[in-house]
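With mmCIF, C-alpha atoms inside, this is coords-v5.cif:
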data_run
loop_
_atom_site.group_PDB
_atom_site.id
_atom_site.type_symbol
_atom_site.label_atom_id
_atom_site.label_comp_id
_atom_site.auth_asym_id
_atom_site.auth_seq_id
_atom_site.Cartn_x
_atom_site.Cartn_y
_atom_site.Cartn_z
ATOM 1 C CA LEU Z 1 -81.492 97.016 289.337
ATOM 2 C CA VAL Z 2 -84.576 97.173 291.544
ATOM 3 C CA SER Z 3 -88.289 96.669 290.854
ATOM 4 C CA LEU Z 4 -90.607 98.474 293.270
ATOM 5 C CA HIS Z 5 -94.328 98.017 293.845
ATOM 6 C CA PRO Z 6 -95.955 101.183 292.406
ATOM 7 C CA ASN Z 7 -98.352 101.710 295.338
ATOM 8 C CA SER Z 8 -96.300 100.766 298.375
ATOM 9 C CA GLY Z 9 -92.744 101.321 297.163
ATOM 10 C CA GLU Z 10 -91.916 97.869 298.511
ATOM 11 C CA THR Z 11 -89.083 96.034 296.735
ATOM 12 C CA ARG Z 12 -90.459 93.274 294.478
ATOM 13 C CA TRP Z 13 -87.073 92.002 293.295
ATOM 14 C CA SER Z 14 -83.507 93.167 292.696
ATOM 15 C CA VAL Z 15 -80.595 92.102 290.505
ATOM 16 C CA PRO Z 16 -76.995 93.077 291.315
ATOM 17 C CA PHE Z 17 -75.504 95.297 288.599
ATOM 18 C CA GLY Z 18 -72.449 97.533 288.664
ATOM 19 C CA ARG Z 19 -69.898 97.912 291.409
ATOM 20 C CA ALA Z 20 -68.840 100.327 294.134
ATOM 21 C CA GLY Z 21 -66.173 102.929 293.445
ATOM 22 C CA LEU Z 22 -65.344 105.248 290.591
ATOM 23 C CA THR Z 23 -67.618 104.238 287.751
ATOM 24 C CA VAL Z 24 -70.568 105.457 285.704
ATOM 25 C CA ILE Z 25 -73.869 103.695 285.181
ATOM 26 C CA GLY Z 26 -75.585 106.326 283.090
ATOM 27 C CA CYS Z 27 -77.547 104.309 280.528
ATOM 28 C CA THR Z 28 -81.246 104.013 281.360
ATOM 29 C CA PRO Z 29 -82.490 100.413 281.780
ATOM 30 C CA LEU Z 30 -84.379 99.407 278.636
ATOM 31 C CA VAL Z 31 -87.576 97.331 278.648
ATOM 32 C CA CYS Z 32 -87.582 94.889 275.703
ATOM 33 C CA ASP Z 33 -90.961 93.119 275.637
ATOM 34 C CA ASP Z 34 -90.839 90.941 278.813
ATOM 35 C CA HIS Z 35 -87.116 91.519 279.376
ATOM 36 C CA VAL Z 36 -84.980 94.361 280.678
ATOM 37 C CA PHE Z 37 -81.529 95.295 279.378
ATOM 38 C CA VAL Z 38 -78.890 97.093 281.449
ATOM 39 C CA THR Z 39 -75.420 98.186 280.364
ATOM 40 C CA ALA Z 40 -72.365 100.066 281.632
ATOM 41 C CA SER Z 41 -68.676 100.407 280.783
ATOM 42 C CA TYR Z 42 -65.705 100.221 283.181
ATOM 43 C CA ASN Z 43 -65.570 96.389 283.066
ATOM 44 C CA ILE Z 44 -69.194 96.083 284.198
ATOM 45 C CA GLY Z 45 -70.766 94.989 280.908
ATOM 46 C CA ALA Z 46 -74.358 94.243 280.009
ATOM 47 C CA LYS Z 47 -77.166 91.933 281.146
ATOM 48 C CA MET Z 48 -80.379 90.845 279.490
ATOM 49 C CA ILE Z 49 -82.857 89.790 282.181
ATOM 50 C CA ALA Z 50 -86.128 87.913 281.593
ATOM 51 C CA LEU Z 51 -89.121 88.875 283.741
ATOM 52 C CA LYS Z 52 -91.624 86.233 282.561
ATOM 53 C CA SER Z 53 -92.053 84.331 285.829
ATOM 54 C CA GLY Z 54 -92.138 87.432 288.004
ATOM 55 C CA GLU Z 55 -88.618 86.633 289.155
ATOM 56 C CA PRO Z 56 -85.680 88.048 287.189
ATOM 57 C CA THR Z 57 -83.600 85.501 285.271
ATOM 58 C CA LYS Z 58 -80.327 86.385 283.533
ATOM 59 C CA ILE Z 59 -80.519 85.356 279.847
ATOM 60 C CA TRP Z 60 -77.066 86.549 278.846
ATOM 61 C CA GLY Z 61 -74.454 89.018 279.991
ATOM 62 C CA ASP Z 62 -70.820 89.965 279.450
ATOM 63 C CA ASP Z 63 -68.508 92.926 278.856
ATOM 64 C CA ARG Z 64 -67.815 92.146 275.193
ATOM 65 C CA THR Z 65 -71.234 92.617 273.596
ATOM 66 C CA LEU Z 66 -72.713 96.081 274.247
ATOM 67 C CA SER Z 67 -71.128 98.038 277.108
ATOM 68 C CA SER Z 68 -72.254 101.679 276.927
ATOM 69 C CA GLN Z 69 -70.570 104.318 279.076
ATOM 70 C CA TYR Z 70 -73.624 106.593 279.311
ATOM 71 C CA THR Z 71 -75.478 106.804 276.004
ATOM 72 C CA ASN Z 72 -78.838 105.090 275.652
ATOM 73 C CA VAL Z 73 -79.540 101.903 273.728
ATOM 74 C CA VAL Z 74 -82.696 101.374 271.637
ATOM 75 C CA PHE Z 75 -84.709 98.205 270.930
ATOM 76 C CA SER Z 76 -86.490 97.371 267.676
ATOM 77 C CA GLN Z 77 -87.988 94.087 266.451
ATOM 78 C CA GLY Z 78 -85.799 91.894 268.637
ATOM 79 C CA PHE Z 79 -82.542 93.809 268.241
ATOM 80 C CA LEU Z 80 -80.578 96.259 270.385
ATOM 81 C CA TYR Z 81 -78.737 99.202 268.799
ATOM 82 C CA GLY Z 82 -76.182 101.177 270.776
ATOM 83 C CA THR Z 83 -72.648 102.292 271.545
ATOM 84 C CA HIS Z 84 -70.068 99.760 272.714
ATOM 85 C CA GLY Z 85 -67.239 101.647 274.401
ATOM 86 C CA ARG Z 86 -66.338 104.846 276.153
ATOM 87 C CA GLU Z 87 -65.880 108.487 275.239
ATOM 88 C CA ASP Z 88 -62.546 108.727 277.077
ATOM 89 C CA ALA Z 89 -60.961 105.634 275.495
ATOM 90 C CA ALA Z 90 -60.377 104.432 271.931
ATOM 91 C CA LEU Z 91 -63.148 105.314 269.496
ATOM 92 C CA ALA Z 92 -66.279 103.406 270.407
ATOM 93 C CA GLU Z 93 -68.238 101.172 268.040
ATOM 94 C CA PHE Z 94 -71.902 101.363 267.155
ATOM 95 C CA ARG Z 95 -73.509 97.911 267.193
ATOM 96 C CA CYS Z 96 -76.577 95.854 266.481
ATOM 97 C CA VAL Z 97 -77.082 92.929 268.888
ATOM 98 C CA ASP Z 98 -79.637 90.113 268.867
ATOM 99 C CA ALA Z 99 -81.521 90.777 272.122
ATOM 100 C CA ALA Z 100 -82.385 87.088 272.659
ATOM 101 C CA SER Z 101 -78.872 85.664 272.304
ATOM 102 C CA GLY Z 102 -76.448 88.563 272.760
ATOM 103 C CA GLU Z 103 -74.913 87.825 269.355
ATOM 104 C CA VAL Z 104 -73.376 90.899 267.691
ATOM 105 C CA LYS Z 105 -75.006 91.130 264.244
ATOM 106 C CA TRP Z 106 -72.852 94.008 263.005
ATOM 107 C CA SER Z 107 -70.442 96.573 264.380
ATOM 108 C CA GLN Z 108 -69.369 99.918 262.917
ATOM 109 C CA SER Z 109 -65.840 100.428 264.257
ATOM 110 C CA ASN Z 110 -64.370 103.860 265.082
ATOM 111 C CA PHE Z 111 -67.850 105.424 265.045
ATOM 112 C CA GLY Z 112 -67.577 107.122 268.429
ATOM 113 C CA VAL Z 113 -70.080 107.512 271.237
ATOM 114 C CA ALA Z 114 -73.627 108.260 270.048
ATOM 115 C CA HIS Z 115 -77.063 108.770 271.557
ATOM 116 C CA ALA Z 116 -79.709 106.698 269.753
ATOM 117 C CA VAL Z 117 -83.385 107.485 269.221
ATOM 118 C CA ILE Z 118 -85.676 105.049 267.386
ATOM 119 C CA SER Z 119 -88.572 106.104 265.176
ATOM 120 C CA GLY Z 120 -90.301 103.392 263.181
ATOM 121 C CA ASN Z 121 -87.679 101.620 261.082
ATOM 122 C CA ARG Z 122 -85.066 104.360 261.461
ATOM 123 C CA ILE Z 123 -82.557 105.298 264.127
ATOM 124 C CA LEU Z 124 -81.328 108.844 264.676
ATOM 125 C CA LEU Z 125 -77.819 108.932 266.111
ATOM 126 C CA GLN Z 126 -76.301 112.006 267.688
ATOM 127 C CA ARG Z 127 -72.519 111.542 267.569
ATOM 128 C CA VAL Z 128 -71.188 113.198 270.724
ATOM 129 C CA LYS Z 129 -67.690 114.369 269.758
ATOM 130 C CA GLN Z 130 -68.377 114.834 266.059
ATOM 131 C CA GLY Z 131 -71.334 117.244 266.494
ATOM 132 C CA GLU Z 132 -73.224 115.246 263.904
ATOM 133 C CA LEU Z 133 -76.643 113.673 263.380
ATOM 134 C CA VAL Z 134 -76.726 110.377 261.472
ATOM 135 C CA LEU Z 135 -79.840 108.612 260.218
ATOM 136 C CA LEU Z 136 -79.657 104.794 260.013
ATOM 137 C CA ALA Z 137 -81.976 102.082 258.810
ATOM 138 C CA ALA Z 138 -82.968 99.882 261.776
ATOM 139 C CA THR Z 139 -81.844 96.603 260.249
ATOM 140 C CA PRO Z 140 -79.841 93.698 261.692
ATOM 141 C CA ASP Z 141 -78.406 92.961 258.223
ATOM 142 C CA GLN Z 142 -75.838 95.761 258.038
ATOM 143 C CA PHE Z 143 -74.893 99.257 259.174
ATOM 144 C CA LYS Z 144 -76.910 101.221 256.619
ATOM 145 C CA GLN Z 145 -76.461 104.989 256.851
ATOM 146 C CA LEU Z 146 -79.245 106.926 255.136
ATOM 147 C CA ASP Z 147 -78.082 110.490 255.777
ATOM 148 C CA SER Z 148 -75.925 112.688 258.008
ATOM 149 C CA VAL Z 149 -75.455 116.350 258.855
ATOM 150 C CA ARG Z 150 -72.984 118.190 261.052
ATOM 151 C CA ILE Z 151 -74.911 120.531 263.361
ATOM 152 C CA SER Z 152 -72.169 121.824 265.693
ATOM 153 C CA ASN Z 153 -68.420 122.318 266.009
ATOM 154 C CA ASP Z 154 -68.836 121.584 269.727
ATOM 155 C CA SER Z 155 -69.657 118.235 271.288
ATOM 156 C CA LEU Z 156 -73.243 117.069 271.874
ATOM 157 C CA ARG Z 157 -73.236 115.219 275.208
ATOM 158 C CA ALA Z 158 -76.896 115.742 276.159
ATOM 159 C CA PRO Z 159 -79.311 113.308 274.495
ATOM 160 C CA PRO Z 160 -81.621 114.822 271.879
ATOM 161 C CA ALA Z 161 -85.354 115.290 272.387
ATOM 162 C CA PHE Z 162 -88.203 115.554 269.872
ATOM 163 C CA ALA Z 163 -91.175 117.917 270.250
ATOM 164 C CA ASP Z 164 -93.532 119.793 267.948
ATOM 165 C CA GLY Z 165 -91.736 118.759 264.750
ATOM 166 C CA ALA Z 166 -88.250 119.682 265.932
ATOM 167 C CA ILE Z 167 -85.124 118.137 267.439
ATOM 168 C CA PHE Z 168 -83.799 119.827 270.559
ATOM 169 C CA THR Z 169 -80.235 119.270 271.719
ATOM 170 C CA ARG Z 170 -77.559 121.090 273.652
ATOM 171 C CA THR Z 171 -73.955 121.762 272.692
ATOM 172 C CA HIS Z 172 -71.064 121.492 275.133
ATOM 173 C CA ASP Z 173 -67.923 123.580 274.621
ATOM 174 C CA GLU Z 174 -64.481 123.635 276.255
ATOM 175 C CA ALA Z 175 -65.568 126.310 278.762
ATOM 176 C CA ASP Z 176 -68.458 124.092 279.980
ATOM 177 C CA ARG Z 177 -70.978 126.341 278.316
ATOM 178 C CA GLY Z 178 -73.313 125.428 275.569
ATOM 179 C CA LYS Z 179 -76.250 126.425 273.458
ATOM 180 C CA LEU Z 180 -79.688 124.927 273.099
ATOM 181 C CA LEU Z 181 -80.325 124.042 269.471
ATOM 182 C CA CYS Z 182 -83.773 123.701 267.922
ATOM 183 C CA LEU Z 183 -83.667 122.005 264.522
ATOM 184 C CA PRO Z 184 -86.960 121.849 262.595
ATOM 185 C CA LEU Z 185 -87.628 118.477 260.967
ATOM 186 C CA PRO Z 186 -88.624 118.400 257.308
ATOM 187 C CA LYS Z 187 -92.352 117.907 256.805
#
Serialized structure, structure tokens:
Amino acid sequence: LVSLHPNSGETRWSVPFGRAGLTVIGCTPLVCDDHVFVTASYNIGAKMIALKSGEPTKIWGDDRTLSSQYTNVVFSQGFLYGTHGREDAALAEFRCVDAASGEVKWSQSNFGVAHAVISGNRILLQRVKQGELVLLAATPDQFKQLDSVRISNDSLRAPPAFADGAIFTRTHDEADRGKLLCLPLPK
């Protein structure tokens, strides 16, 4: 993980994360107030890094808390929400983690890999293999599903995007083809 000066491109600081060889680090680093969170699977794990003093300081990190293969994690009111696990292994869990301590607040087992998008006090999950959208309450108290809808018989590996009152996503079929879906949101 590297911080660059925006004008010169000069390295300000760096933190080792990941490893050489066959692996995937596909989850975008996530800024959480004055911290940054990074995560990966393949026995790499996660790190929460404080940036208060201008120098990065590891707050917590391990491979048991929130290790996402490639799907993004979201941050809301001091908590991280994301997939723990891999698409090519046993069914992954969806978790809520206290960002300050790394404590797992709740875990929904056998949920599968899911992209997360936060909007206010709700989280939209796009379950990759299930072709489903799930709406959750963003609460550290419990996994609280508000609604769900299956939108495809194919997998949904690309993260969703929102624009002009619609959700855009792309399907992925066995022949490595797919379709772009545009789903209008209710007004």
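Here atom CA of Z:Ser107 and atom CA of Z:Phe143 stand 7.4 Å from one another.
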**Item:** atom CA of Z:Pro184 to atom CA of Z:Glu87, straight-line distance in Å
**Value:**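 It comes out at 28.0 Å.
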**Request:** Evaluate the PyMOL selection byres ((chain Z and resi 166) around 12) here and jot the selected residues down as a VMD selection string.
**Result:** chain Z and resid 160 to 165 167 to 169 181 to 187
**Request:** May I have the protein, DNA and RNA residues with any atom at most 12 Å from the point (-74.5, 94.9, 291.7), counting all atoms listed in the file, written as a ChimeraX atom specification?
**Result:** /Z:1-2,14-21,25,38-40,44-47
**Request:** For the structure shown, which residues end up in the PyMOL selection byres ((chain Z and resi 147) around 6)? Put them as a PyMOL selection string, please?
**Result:** chain Z and resi 134-135+145-146+148
**Request:** Tell me which of Z:Leu22, Z:Asn153, Z:Phe94, Z:Ala99 sits closest to Z:Leu136, counting only C-alpha atoms.
**Result:**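 Result for the nearest residue to Z:Leu136: Z:Phe94.
Ranking Z:Ser53, Z:Ser119, Z:Ser41, Z:Ser101 by their shortest atom-to-atom distance to Z:Ser67, with only C-alpha atoms included, puts Z:Ser41 first.
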**Asked** Could you spell out the hits of the PyMOL selection byres ((chain Z and resi 90) around 12) on the shown file, as a count of residues only?
**Response** 14
**Request:** Record the distance separating atom CA of Z:Thr139 and atom CA of Z:Asp34, expressed in Å with one decimal.
**Result:**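 Here the two named atoms are 21.4 Å from each other.
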**Message:** Residues near stretch 26-29 of chain Z, anyone? I mean within 7 Å using all atoms listed in the file, not counting same-chain ones fewer than 6 positions away, as a ChimeraX atom specification.
**Reply:** /Z:36-40,68-72
All file atoms of stretch 80-85 of chain Z boxed axis-aligned, 6 Å per side, centre plus edges, as JSON:
{"center_x": -73.9, "center_y": 99.3, "center_z": 271.6, "size_x": 25.3, "size_y": 18.0, "size_z": 17.6}
**Prompt:** Can you tell me, as number ranges by chain, what residues are no more than 8 Å from Z:Leu80 when counting all atoms listed in the file, ignoring any on the same chain fewer than 6 positions away?
**Reply:** Z: 73-74, 95-99
**Item:** Expected residue set, 6 Å radius at (-82.5, 104.2, 264.5), only C-alpha atoms, as a VMD selection string
**Value:** chain Z and resid 117 to 118 122 to 124 136 138
**Message:** What's around Z:Leu4 at 10 Å? Count only C-alpha atoms, leave out sequence neighbours fewer than 5 positions away in its own chain, and write the answer as a PyMOL selection string.
**Reply:** chain Z and resi 9-14
Pick out the residues sitting within 8 Å of Z:Ile151, and hand them over as a CSV table (one decimal) with C-alpha atoms, keeping the file's coordinate frame; count all atoms listed in the file, and ignore anything fewer than 3 positions along from it in its own chain.
chain,number,residue,atom,x,y,z
Z,131,GLY,CA,-71.3,117.2,266.5
Z,132,GLU,CA,-73.2,115.2,263.9
Z,133,LEU,CA,-76.6,113.7,263.4
Kindly reconstruct stretch 84-108 of chain Z with N, CA and C atoms and present the result as a PDB file, in the frame of the given file.
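Result went into selection-v6.pdb, see below:
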ATOM      1  N   HIS Z  84     -70.915 100.663 271.928  1.00  0.00           N
ATOM      2  CA  HIS Z  84     -70.068  99.760 272.714  1.00  0.00           C
ATOM      3  C   HIS Z  84     -68.739 100.477 272.898  1.00  0.00           C
ATOM      4  N   GLY Z  85     -68.487 100.945 274.126  1.00  0.00           N
ATOM      5  CA  GLY Z  85     -67.239 101.647 274.401  1.00  0.00           C
ATOM      6  C   GLY Z  85     -67.457 102.924 275.181  1.00  0.00           C
ATOM      7  N   ARG Z  86     -66.344 103.638 275.323  1.00  0.00           N
ATOM      8  CA  ARG Z  86     -66.338 104.846 276.153  1.00  0.00           C
ATOM      9  C   ARG Z  86     -65.876 106.060 275.362  1.00  0.00           C
ATOM     10  N   GLU Z  87     -66.288 107.224 275.856  1.00  0.00           N
ATOM     11  CA  GLU Z  87     -65.880 108.487 275.239  1.00  0.00           C
ATOM     12  C   GLU Z  87     -64.412 108.794 275.508  1.00  0.00           C
ATOM     13  N   ASP Z  88     -63.903 108.392 276.662  1.00  0.00           N
ATOM     14  CA  ASP Z  88     -62.546 108.727 277.077  1.00  0.00           C
ATOM     15  C   ASP Z  88     -61.522 107.649 276.743  1.00  0.00           C
ATOM     16  N   ALA Z  89     -61.881 106.695 275.905  1.00  0.00           N
ATOM     17  CA  ALA Z  89     -60.961 105.634 275.495  1.00  0.00           C
ATOM     18  C   ALA Z  89     -60.891 105.631 273.968  1.00  0.00           C
ATOM     19  N   ALA Z  90     -60.419 104.548 273.394  1.00  0.00           N
ATOM     20  CA  ALA Z  90     -60.377 104.432 271.931  1.00  0.00           C
ATOM     21  C   ALA Z  90     -61.773 104.659 271.364  1.00  0.00           C
ATOM     22  N   LEU Z  91     -61.844 105.037 270.101  1.00  0.00           N
ATOM     23  CA  LEU Z  91     -63.148 105.314 269.496  1.00  0.00           C
ATOM     24  C   LEU Z  91     -64.092 104.130 269.657  1.00  0.00           C
ATOM     25  N   ALA Z  92     -65.267 104.431 270.153  1.00  0.00           N
ATOM     26  CA  ALA Z  92     -66.279 103.406 270.407  1.00  0.00           C
ATOM     27  C   ALA Z  92     -66.864 102.904 269.090  1.00  0.00           C
ATOM     28  N   GLU Z  93     -67.566 101.763 269.189  1.00  0.00           N
ATOM     29  CA  GLU Z  93     -68.238 101.172 268.040  1.00  0.00           C
ATOM     30  C   GLU Z  93     -69.742 101.343 268.209  1.00  0.00           C
ATOM     31  N   PHE Z  94     -70.454 101.408 267.096  1.00  0.00           N
ATOM     32  CA  PHE Z  94     -71.902 101.363 267.155  1.00  0.00           C
ATOM     33  C   PHE Z  94     -72.313  99.983 266.686  1.00  0.00           C
ATOM     34  N   ARG Z  95     -73.210  99.312 267.444  1.00  0.00           N
ATOM     35  CA  ARG Z  95     -73.509  97.911 267.193  1.00  0.00           C
ATOM     36  C   ARG Z  95     -74.988  97.607 267.132  1.00  0.00           C
ATOM     37  N   CYS Z  96     -75.273  96.487 266.460  1.00  0.00           N
ATOM     38  CA  CYS Z  96     -76.577  95.854 266.481  1.00  0.00           C
ATOM     39  C   CYS Z  96     -76.386  94.483 267.117  1.00  0.00           C
ATOM     40  N   VAL Z  97     -77.209  94.172 268.129  1.00  0.00           N
ATOM     41  CA  VAL Z  97     -77.082  92.929 268.888  1.00  0.00           C
ATOM     42  C   VAL Z  97     -78.432  92.226 268.938  1.00  0.00           C
ATOM     43  N   ASP Z  98     -78.431  90.931 268.711  1.00  0.00           N
ATOM     44  CA  ASP Z  98     -79.637  90.113 268.867  1.00  0.00           C
ATOM     45  C   ASP Z  98     -79.992  90.104 270.357  1.00  0.00           C
ATOM     46  N   ALA Z  99     -81.143  90.648 270.706  1.00  0.00           N
ATOM     47  CA  ALA Z  99     -81.521  90.777 272.122  1.00  0.00           C
ATOM     48  C   ALA Z  99     -81.711  89.426 272.794  1.00  0.00           C
ATOM     49  N   ALA Z 100     -82.134  88.408 272.069  1.00  0.00           N
ATOM     50  CA  ALA Z 100     -82.385  87.088 272.659  1.00  0.00           C
ATOM     51  C   ALA Z 100     -81.107  86.341 272.989  1.00  0.00           C
ATOM     52  N   SER Z 101     -80.085  86.467 272.134  1.00  0.00           N
ATOM     53  CA  SER Z 101     -78.872  85.664 272.304  1.00  0.00           C
ATOM     54  C   SER Z 101     -77.640  86.452 272.727  1.00  0.00           C
ATOM     55  N   GLY Z 102     -77.638  87.760 272.495  1.00  0.00           N
ATOM     56  CA  GLY Z 102     -76.448  88.563 272.760  1.00  0.00           C
ATOM     57  C   GLY Z 102     -75.439  88.513 271.620  1.00  0.00           C
ATOM     58  N   GLU Z 103     -75.820  87.917 270.502  1.00  0.00           N
ATOM     59  CA  GLU Z 103     -74.913  87.825 269.355  1.00  0.00           C
ATOM     60  C   GLU Z 103     -74.825  89.186 268.667  1.00  0.00           C
ATOM     61  N   VAL Z 104     -73.588  89.655 268.416  1.00  0.00           N
ATOM     62  CA  VAL Z 104     -73.376  90.899 267.691  1.00  0.00           C
ATOM     63  C   VAL Z 104     -73.646  90.630 266.211  1.00  0.00           C
ATOM     64  N   LYS Z 105     -74.640  91.324 265.648  1.00  0.00           N
ATOM     65  CA  LYS Z 105     -75.006  91.130 264.244  1.00  0.00           C
ATOM     66  C   LYS Z 105     -74.099  91.953 263.324  1.00  0.00           C
ATOM     67  N   TRP Z 106     -73.817  93.189 263.715  1.00  0.00           N
ATOM     68  CA  TRP Z 106     -72.852  94.008 263.005  1.00  0.00           C
ATOM     69  C   TRP Z 106     -72.280  95.052 263.950  1.00  0.00           C
ATOM     70  N   SER Z 107     -71.121  95.571 263.570  1.00  0.00           N
ATOM     71  CA  SER Z 107     -70.442  96.573 264.380  1.00  0.00           C
ATOM     72  C   SER Z 107     -69.767  97.577 263.454  1.00  0.00           C
ATOM     73  N   GLN Z 108     -70.007  98.858 263.686  1.00  0.00           N
ATOM     74  CA  GLN Z 108     -69.369  99.918 262.917  1.00  0.00           C
ATOM     75  C   GLN Z 108     -68.221 100.463 263.771  1.00  0.00           C
TER      76      GLN Z 108
END
